[in-house]
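Enquirer: Got upload-v6.cif for you, mmCIF, C-alpha atoms:
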```
data_entry
#
loop_
_atom_site.label_atom_id
_atom_site.label_comp_id
_atom_site.auth_asym_id
_atom_site.auth_seq_id
_atom_site.Cartn_x
_atom_site.Cartn_y
_atom_site.Cartn_z
CA MET Q 1 211.03 80.89 89.04
CA HIS Q 2 212.28 81.65 92.56
CA LYS Q 3 215.36 83.51 91.35
CA TYR Q 4 213.63 85.63 88.69
CA PRO Q 5 209.94 85.76 89.66
CA GLU Q 6 209.22 88.83 87.53
CA ARG Q 7 210.98 87.58 84.40
CA ILE Q 8 209.87 83.94 84.18
CA SER Q 9 206.34 82.58 83.89
CA TYR Q 10 204.79 79.25 82.90
CA HIS Q 11 201.86 78.87 80.51
CA PHE Q 12 200.31 75.40 80.42
CA GLY Q 13 197.82 74.26 77.79
CA TRP Q 14 199.36 76.27 74.96
CA GLY Q 15 201.08 75.13 71.76
CA LEU Q 16 203.48 76.83 69.38
CA LYS Q 17 201.59 78.29 66.42
CA SER Q 18 204.37 80.09 64.58
CA LEU Q 19 207.98 81.12 65.03
CA ASP Q 20 210.03 83.88 63.45
CA PRO Q 21 213.59 82.63 64.09
CA ASP Q 22 215.19 85.78 62.65
CA GLU Q 23 213.51 87.99 65.26
CA SER Q 24 213.11 85.28 67.97
CA VAL Q 25 209.36 85.92 68.11
CA ALA Q 26 207.12 82.96 69.01
CA GLU Q 27 203.32 82.92 68.86
CA PHE Q 28 201.38 80.46 71.03
CA SER Q 29 197.73 79.45 70.75
CA PRO Q 30 195.52 77.35 73.07
CA ALA Q 31 196.49 73.72 72.53
CA GLY Q 32 193.78 71.46 71.17
CA GLU Q 33 191.24 74.27 70.66
CA PRO Q 34 190.09 75.73 67.33
CA LEU Q 35 191.08 79.34 66.88
CA GLY Q 36 188.50 81.76 68.21
CA LEU Q 37 187.11 79.47 70.90
CA ALA Q 38 187.45 79.75 74.68
CA GLY Q 39 187.88 83.51 74.36
CA ARG Q 40 191.64 83.35 74.76
CA ASP Q 41 193.94 85.42 72.60
CA ASN Q 42 197.22 84.10 71.28
CA ILE Q 43 200.35 84.83 73.27
CA VAL Q 44 203.25 86.48 71.42
CA VAL Q 45 206.64 86.26 73.07
CA THR Q 46 209.87 87.99 72.04
CA ALA Q 47 212.81 86.19 73.64
CA ASP Q 48 216.57 86.26 73.81
CA LEU Q 49 216.62 82.46 73.58
CA VAL Q 50 214.11 80.00 72.07
CA VAL Q 51 214.53 76.34 73.07
CA GLY Q 52 212.62 73.71 71.13
CA ALA Q 53 212.43 70.54 73.22
CA ASP Q 54 209.08 69.44 71.82
CA GLY Q 55 209.86 65.88 70.80
CA LEU Q 56 209.91 63.78 67.67
CA HIS Q 57 207.24 65.74 65.78
CA SER Q 58 208.68 69.10 66.80
CA LYS Q 59 206.75 72.20 65.78
CA THR Q 60 209.87 74.28 66.47
CA ARG Q 61 211.88 72.18 64.04
CA ALA Q 62 209.13 72.45 61.43
CA GLU Q 63 209.06 76.23 61.77
CA LEU Q 64 212.83 76.46 61.36
CA GLU Q 65 212.69 74.32 58.25
CA ARG Q 66 209.78 76.34 56.85
CA ASN Q 67 211.39 79.73 57.42
CA ILE Q 68 215.09 79.00 56.90
CA PHE Q 69 216.00 77.64 53.46
CA SER Q 70 219.39 76.27 54.56
CA PHE Q 71 217.97 74.46 57.60
CA LYS Q 72 217.39 70.84 56.53
CA THR Q 73 216.22 67.91 58.62
CA THR Q 74 214.94 64.39 57.93
CA LEU Q 75 212.21 62.51 59.77
CA LYS Q 76 211.88 58.81 59.00
CA VAL Q 77 209.28 56.45 60.44
CA VAL Q 78 210.65 52.91 60.51
CA PRO Q 79 208.59 49.73 61.13
CA ALA Q 80 209.68 48.29 64.45
CA GLY Q 81 207.78 45.03 64.47
CA ARG Q 82 205.67 43.79 67.34
CA HIS Q 83 206.71 44.15 70.96
CA ILE Q 84 206.01 42.38 74.19
CA LYS Q 85 207.34 42.80 77.70
CA LEU Q 86 208.20 39.63 79.56
CA ARG Q 87 209.70 39.08 82.96
CA VAL Q 88 212.31 36.34 82.97
CA PRO Q 89 215.25 35.61 85.29
CA VAL Q 90 218.43 37.40 84.28
CA ASP Q 91 220.46 34.17 84.18
CA VAL Q 92 218.26 32.92 81.33
CA VAL Q 93 219.87 35.37 78.90
CA GLY Q 94 223.45 34.80 80.00
CA GLU Q 95 226.23 37.27 80.78
CA GLN Q 96 225.15 40.13 78.53
CA VAL Q 97 223.92 42.10 81.55
CA ASP Q 98 226.52 43.65 83.85
CA GLU Q 99 226.30 42.68 87.49
CA LYS Q 100 227.50 46.09 88.70
CA GLY Q 101 225.25 49.11 88.73
CA ASN Q 102 225.85 51.61 85.99
CA VAL Q 103 225.91 55.39 85.95
CA HIS Q 104 223.28 55.74 83.24
CA GLY Q 105 220.60 53.49 84.73
CA PRO Q 106 219.99 49.77 84.15
CA SER Q 107 222.23 47.89 81.75
CA MET Q 108 220.87 47.27 78.27
CA LEU Q 109 220.85 43.83 76.68
CA VAL Q 110 220.74 43.64 72.88
CA VAL Q 111 220.47 40.37 70.96
CA ALA Q 112 220.17 40.27 67.16
CA ARG Q 113 219.33 37.01 65.38
CA ASN Q 114 217.64 36.11 62.09
CA ALA Q 115 216.53 39.71 61.40
CA LYS Q 116 214.96 39.85 64.88
CA LEU Q 117 215.90 41.98 67.86
CA MET Q 118 215.48 41.40 71.55
CA TRP Q 119 216.47 43.94 74.19
CA GLY Q 120 215.77 44.26 77.85
CA VAL Q 121 216.45 45.99 81.13
CA PRO Q 122 217.08 44.13 84.40
CA ASN Q 123 214.73 44.79 87.30
CA ARG Q 124 215.67 45.15 90.94
CA ASP Q 125 213.92 41.90 91.85
CA GLY Q 126 216.38 39.88 89.73
CA THR Q 127 214.15 39.54 86.68
CA MET Q 128 214.37 41.20 83.28
CA GLY Q 129 211.79 43.08 81.27
CA LEU Q 130 212.24 42.02 77.64
CA THR Q 131 211.07 43.63 74.43
CA ILE Q 132 211.07 41.40 71.34
CA GLN Q 133 210.88 42.79 67.82
CA GLY Q 134 210.46 41.23 64.42
CA ILE Q 135 208.17 38.28 65.16
CA ARG Q 136 205.74 37.82 62.25
CA GLY Q 137 203.60 34.85 63.32
CA SER Q 138 199.83 35.39 63.49
CA THR Q 139 199.08 32.51 65.85
CA ALA Q 140 200.54 31.42 69.16
CA ALA Q 141 201.93 28.27 67.52
CA ASP Q 142 203.69 30.29 64.79
CA VAL Q 143 205.16 32.66 67.38
CA SER Q 144 206.36 29.75 69.50
CA LEU Q 145 208.12 28.23 66.47
CA GLU Q 146 209.83 31.53 65.59
CA MET Q 147 211.00 32.01 69.17
CA GLN Q 148 212.44 28.50 69.28
CA GLU Q 149 214.40 29.21 66.08
CA SER Q 150 215.68 32.68 67.02
CA PHE Q 151 215.78 32.73 70.85
CA PRO Q 152 215.89 29.12 72.09
CA GLU Q 153 216.89 30.26 75.60
CA LEU Q 154 213.38 31.72 75.92
CA SER Q 155 211.51 28.76 74.42
CA ASP Q 156 210.24 27.68 77.86
CA PHE Q 157 208.39 31.00 78.14
CA PHE Q 158 206.89 30.84 74.64
CA GLY Q 159 205.08 27.53 74.40
CA ALA Q 160 202.59 26.86 71.60
CA ASP Q 161 199.75 27.32 74.08
CA GLY Q 162 201.50 29.89 76.27
CA ASP Q 163 200.13 33.29 77.25
CA ALA Q 164 203.25 35.11 76.05
CA SER Q 165 202.98 33.54 72.58
CA ALA Q 166 199.30 34.47 72.34
CA ARG Q 167 199.95 38.07 73.40
CA LEU Q 168 202.82 38.48 70.93
CA ALA Q 169 200.69 37.04 68.10
CA VAL Q 170 198.04 39.75 68.49
CA SER Q 171 200.40 42.59 69.42
CA PRO Q 172 199.95 45.53 66.99
CA GLU Q 173 202.67 46.72 64.64
CA ARG Q 174 204.72 49.55 66.10
CA PHE Q 175 206.87 52.20 64.50
CA GLN Q 176 209.95 54.14 65.53
CA GLY Q 177 210.98 57.56 64.30
CA THR Q 178 214.45 58.83 63.56
CA VAL Q 179 215.42 62.48 63.17
CA THR Q 180 218.63 63.90 61.75
CA ALA Q 181 219.61 67.53 61.23
CA THR Q 182 222.68 69.22 59.81
CA SER Q 183 222.50 71.81 62.59
CA TYR Q 184 220.63 72.14 65.88
CA ASN Q 185 220.47 75.93 65.99
CA TYR Q 186 219.71 79.07 64.05
CA LYS Q 187 220.64 82.41 65.57
CA GLN Q 188 218.91 82.38 69.01
CA THR Q 189 216.83 79.22 68.48
CA VAL Q 190 218.06 75.78 69.44
CA LEU Q 191 216.65 72.23 69.32
CA LEU Q 192 217.19 69.71 72.11
CA GLY Q 193 216.54 65.99 72.49
CA ASP Q 194 214.31 64.18 70.00
CA ALA Q 195 213.45 67.50 68.35
CA ALA Q 196 217.05 67.64 67.12
CA HIS Q 197 218.05 63.99 66.98
CA SER Q 198 216.19 60.74 67.44
CA LEU Q 199 217.66 57.31 66.80
CA LEU Q 200 216.78 53.63 66.93
CA ASN Q 201 217.61 53.20 70.57
CA VAL Q 202 219.15 49.76 70.83
CA THR Q 203 222.13 50.90 72.91
CA HIS Q 204 220.27 52.63 75.76
CA LEU Q 205 221.68 56.03 74.77
CA GLY Q 206 218.51 57.93 73.85
CA ALA Q 207 217.44 59.56 77.12
CA GLY Q 208 221.05 60.10 78.16
CA LEU Q 209 221.83 62.01 74.97
CA ALA Q 210 218.91 64.38 75.57
CA LEU Q 211 220.09 65.06 79.12
CA GLU Q 212 223.61 65.64 77.84
CA ASP Q 213 222.18 68.25 75.46
CA CYS Q 214 220.92 70.23 78.45
CA LEU Q 215 224.21 69.96 80.32
CA VAL Q 216 226.29 70.97 77.30
CA LEU Q 217 223.98 73.89 76.49
CA ASP Q 218 224.11 75.13 80.09
CA ARG Q 219 227.91 74.95 80.12
CA LEU Q 220 228.29 76.78 76.81
CA LEU Q 221 225.78 79.49 77.73
CA GLN Q 222 227.49 80.18 81.05
CA SER Q 223 230.89 80.30 79.37
CA SER Q 224 229.68 82.62 76.60
CA LEU Q 225 227.74 84.97 78.88
CA GLU Q 226 230.84 85.50 81.02
CA ASN Q 227 232.40 87.20 78.00
CA GLN Q 228 231.66 90.92 78.36
CA ASP Q 229 232.85 91.78 74.83
CA HIS Q 230 229.50 90.89 73.23
CA SER Q 231 225.85 91.65 73.83
CA ILE Q 232 223.56 89.02 75.35
CA VAL Q 233 222.07 88.19 71.95
CA GLU Q 234 225.52 87.74 70.41
CA CYS Q 235 226.69 85.63 73.35
CA ILE Q 236 223.65 83.35 73.01
CA ALA Q 237 224.15 83.01 69.24
CA ILE Q 238 227.82 82.08 69.77
CA ALA Q 239 226.93 79.52 72.45
CA LEU Q 240 224.27 77.89 70.25
CA SER Q 241 226.65 77.68 67.31
CA ASN Q 242 229.23 75.98 69.54
CA PHE Q 243 226.48 73.68 70.79
CA SER Q 244 225.77 72.42 67.26
CA ASN Q 245 229.46 72.01 66.51
CA GLU Q 246 229.90 69.90 69.63
CA ARG Q 247 226.71 67.82 69.54
CA VAL Q 248 226.20 67.02 65.86
CA PRO Q 249 229.30 64.74 65.65
CA GLU Q 250 228.14 62.98 68.83
CA MET Q 251 224.71 62.25 67.36
CA VAL Q 252 226.21 61.02 64.08
CA ALA Q 253 228.38 58.62 66.08
CA ALA Q 254 225.40 57.50 68.19
CA ALA Q 255 223.29 56.76 65.10
CA GLN Q 256 226.13 54.76 63.55
CA LEU Q 257 226.68 52.85 66.78
CA CYS Q 258 222.99 51.90 67.00
CA THR Q 259 222.98 50.76 63.38
CA ASP Q 260 226.10 48.65 63.81
CA VAL Q 261 224.89 47.03 67.04
CA SER Q 262 221.48 46.15 65.59
CA ARG Q 263 223.19 44.35 62.68
CA THR Q 264 225.50 42.27 64.87
CA ASN Q 265 224.26 38.72 65.36
CA MET Q 266 224.58 36.90 68.66
CA PHE Q 267 227.29 34.53 67.45
CA GLN Q 268 229.58 37.49 66.74
CA VAL Q 269 228.77 39.04 70.13
CA GLU Q 270 229.59 35.85 72.04
CA LEU Q 271 232.75 35.24 69.99
CA GLN Q 272 233.99 38.77 70.62
CA ARG Q 273 233.28 38.47 74.35
CA ALA Q 274 235.11 35.15 74.58
CA ILE Q 275 238.18 36.50 72.77
CA LEU Q 276 238.19 39.72 74.81
CA ARG Q 277 238.10 37.72 78.06
CA VAL Q 278 241.36 36.09 77.04
CA VAL Q 279 242.91 39.32 75.79
CA THR Q 280 242.02 41.31 78.92
CA ARG Q 281 243.87 38.78 81.09
CA PHE Q 282 247.08 39.96 79.46
CA LEU Q 283 245.96 43.54 78.72
CA PRO Q 284 243.67 44.54 81.62
CA ARG Q 285 243.48 48.16 80.43
CA ILE Q 286 241.27 47.08 77.53
CA GLN Q 287 237.61 47.33 78.54
CA HIS Q 288 234.50 46.19 76.68
CA TRP Q 289 232.85 49.25 75.12
CA GLN Q 290 229.36 48.47 76.43
CA LYS Q 291 230.63 47.96 79.97
CA ALA Q 292 232.50 51.26 79.67
CA ALA Q 293 229.29 52.95 78.49
CA ASN Q 294 227.45 51.59 81.52
CA THR Q 295 230.01 52.51 84.15
CA GLN Q 296 231.60 55.72 82.87
CA VAL Q 297 230.61 59.10 81.53
CA VAL Q 298 232.22 58.96 78.09
CA SER Q 299 231.45 60.48 74.69
CA VAL Q 300 229.75 58.36 72.04
CA GLN Q 301 232.60 59.09 69.64
CA GLN Q 302 234.95 57.49 72.15
CA LEU Q 303 232.65 54.47 72.43
CA VAL Q 304 232.73 54.07 68.66
CA LYS Q 305 236.55 54.16 68.73
CA TRP Q 306 236.65 51.56 71.51
CA ARG Q 307 234.22 49.31 69.67
CA SER Q 308 236.29 49.60 66.47
CA ARG Q 309 239.40 48.77 68.48
CA GLU Q 310 237.70 45.70 69.94
CA ILE Q 311 236.66 44.49 66.49
CA LEU Q 312 240.25 44.97 65.26
CA ILE Q 313 241.59 43.01 68.27
CA VAL Q 314 239.12 40.20 67.60
CA ARG Q 315 240.09 40.04 63.92
CA ILE Q 316 243.81 39.96 64.76
CA ALA Q 317 243.15 37.22 67.32
CA LEU Q 318 241.20 35.20 64.76
CA VAL Q 319 243.97 35.57 62.16
CA PHE Q 320 246.56 34.56 64.77
CA ALA Q 321 244.48 31.51 65.73
CA PHE Q 322 244.04 30.58 62.07
CA VAL Q 323 247.80 30.82 61.48
CA LEU Q 324 248.47 28.61 64.52
CA LEU Q 325 245.96 26.03 63.31
CA LEU Q 326 247.46 26.15 59.82
CA LEU Q 327 250.98 25.60 61.18
CA ARG Q 328 249.65 22.76 63.33
CA ALA Q 329 247.98 21.20 60.32
CA ILE Q 330 251.18 21.48 58.24
CA ARG Q 331 253.13 19.82 61.05
CA LEU Q 332 250.63 16.98 61.26
CA VAL Q 333 250.79 16.50 57.49
CA ARG Q 334 254.60 16.31 57.66
CA LEU Q 335 254.45 13.76 60.45
CA ALA Q 336 251.95 11.72 58.48
CA LEU Q 337 254.20 11.80 55.42
CA ARG Q 338 257.18 10.63 57.50
CA VAL Q 339 255.16 7.61 58.56
CA VAL Q 340 253.48 6.88 55.24
CA LEU Q 341 256.47 7.25 52.88
CA PRO Q 342 258.67 4.57 54.55
CA LEU Q 343 255.71 2.18 54.51
CA ALA Q 344 255.36 2.76 50.79
CA ASN Q 345 258.68 0.95 50.22
CA PHE Q 346 257.15 -2.31 51.49
CA LEU Q 347 254.22 -2.16 49.08
CA PRO Q 348 254.41 -4.51 46.08
CA ASN Q 349 255.31 -2.93 42.75
#
```
How would this structure read if it were set down as structure tokens?
Expert:
Amino acid sequence: MHKYPERISYHFGWGLKSLDPDESVAEFSPAGEPLGLAGRDNIVVTADLVVGADGLHSKTRAELERNIFSFKTTLKVVPAGRHIKLRVPVDVVGEQVDEKGNVHGPSMLVVARNAKLMWGVPNRDGTMGLTIQGIRGSTAADVSLEMQESFPELSDFFGADGDASARLAVSPERFQGTVTATSYNYKQTVLLGDAAHSLLNVTHLGAGLALEDCLVLDRLLQSSLENQDHSIVECIAIALSNFSNERVPEMVAAAQLCTDVSRTNMFQVELQRAILRVVTRFLPRIQHWQKAANTQVVSVQQLVKWRSREILIVRIALVFAFVLLLLRAIRLVRLALRVVLPLANFLPN
């Protein structure tokens, strides 16, 4: 606004009515008002660049899909159970939360047990705000029983007559939306954030991915506009095409990571952590993928590779431990036979 006061203006209280992506012409109408009221005419804007960052139920995305036959997206609404926020000391939920600060904000805790999910974010006062999903009980007593079965470390906070159990029992059903698209751009129109990609955010990546969209788009636009061999429109189209090529694989990896994490039960998580603690004593360069995600700026595709590597290391360690136990068992059997067979000679025929 300060740099280009004559070329940039803000219009609040208006919503996108229609979009012609081939000509980059957008028509806006007063938001929340029937057409013809308030005496305001629609605003028609012809732009070099159209950015749709209008969330999960994106009008920009809908207009692209309506006008462009090859532009396909999917929007799924998934039941997310009932949620409650509870403040409990961090030490109650063990070592899943990193002690060190992380570059993306608070660390994310994810626990999956018995088709239920619990995730939380630590607070500065040493407590943790928890969100619990998948509880089906309709009374405080039923909720308390489910919590004791799935999350026994929180049973003290969910007594049969407790306030938390009563609140969770009457908490309404919630839903989460996921969005996937084969491309995030068409000519001079581009989608950012939840308008382009939305996932079941159990890895604390959602907001960060939207911010990364902005940074990547800014970098690609600057790089393309420095090329004097093309017009502005062509430069923008090239930058947006590169944006899709770079971001779509990242979002596919992020969706897969969220799906895999949500299906991992707590026994597997604790077993992997215990094995990795031993391995990292001998190979300190190996770092847990979630700790790396918290403390470094790294691509999601790299996180997926690190997580796959960790799973492979854990499996190799388990096979090695099984082989050692098997060899130990064979040795014990041999020793037992050495003792038993001589004694057999003294038995009566």
Enquirer: Could you check the closest approach to Q:Met118 for each of Q:Val261, Q:Trp14, Q:Ser138, Q:His2 and tell me which residue wins, using all atoms listed in the file?
Expert: Q:Val261
Enquirer: Give me the residues near stretch 81-90 of chain Q as a list in words, where near means some atom within 7 Å (using only C-alpha atoms) and where sequence neighbours in that chain fewer than 4 positions away do not count.
Expert: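 Contacts, with the query itself left out: Pro122, Gly126, Thr127, Met128, Gly129, Leu130, Thr131, Ile132, Gln133, Gly134, Ile135, Leu168, Ser171, Pro172, Glu173 and Arg174 of chain Q.
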Enquirer: Give me, please, the distance in Å between atom CA of Q:Val25 and atom CA of Q:Phe69, quoted to one decimal.
Expert: 18.1 Å
Enquirer: Excluding same-chain residues fewer than 5 positions from Q:Leu220, what lies within 9 Å of it counting all atoms listed in the file, as a VMD selection string?
Expert: chain Q and resid 215 225 236 238 to 240 242 to 243
Enquirer: For Q:Leu64, find every residue with an atom within 8 Å (counting all atoms listed in the file), except residues of its own chain fewer than 4 positions away, and show them as a VMD selection string.
Expert: chain Q and resid 19 21 60 68 71 186
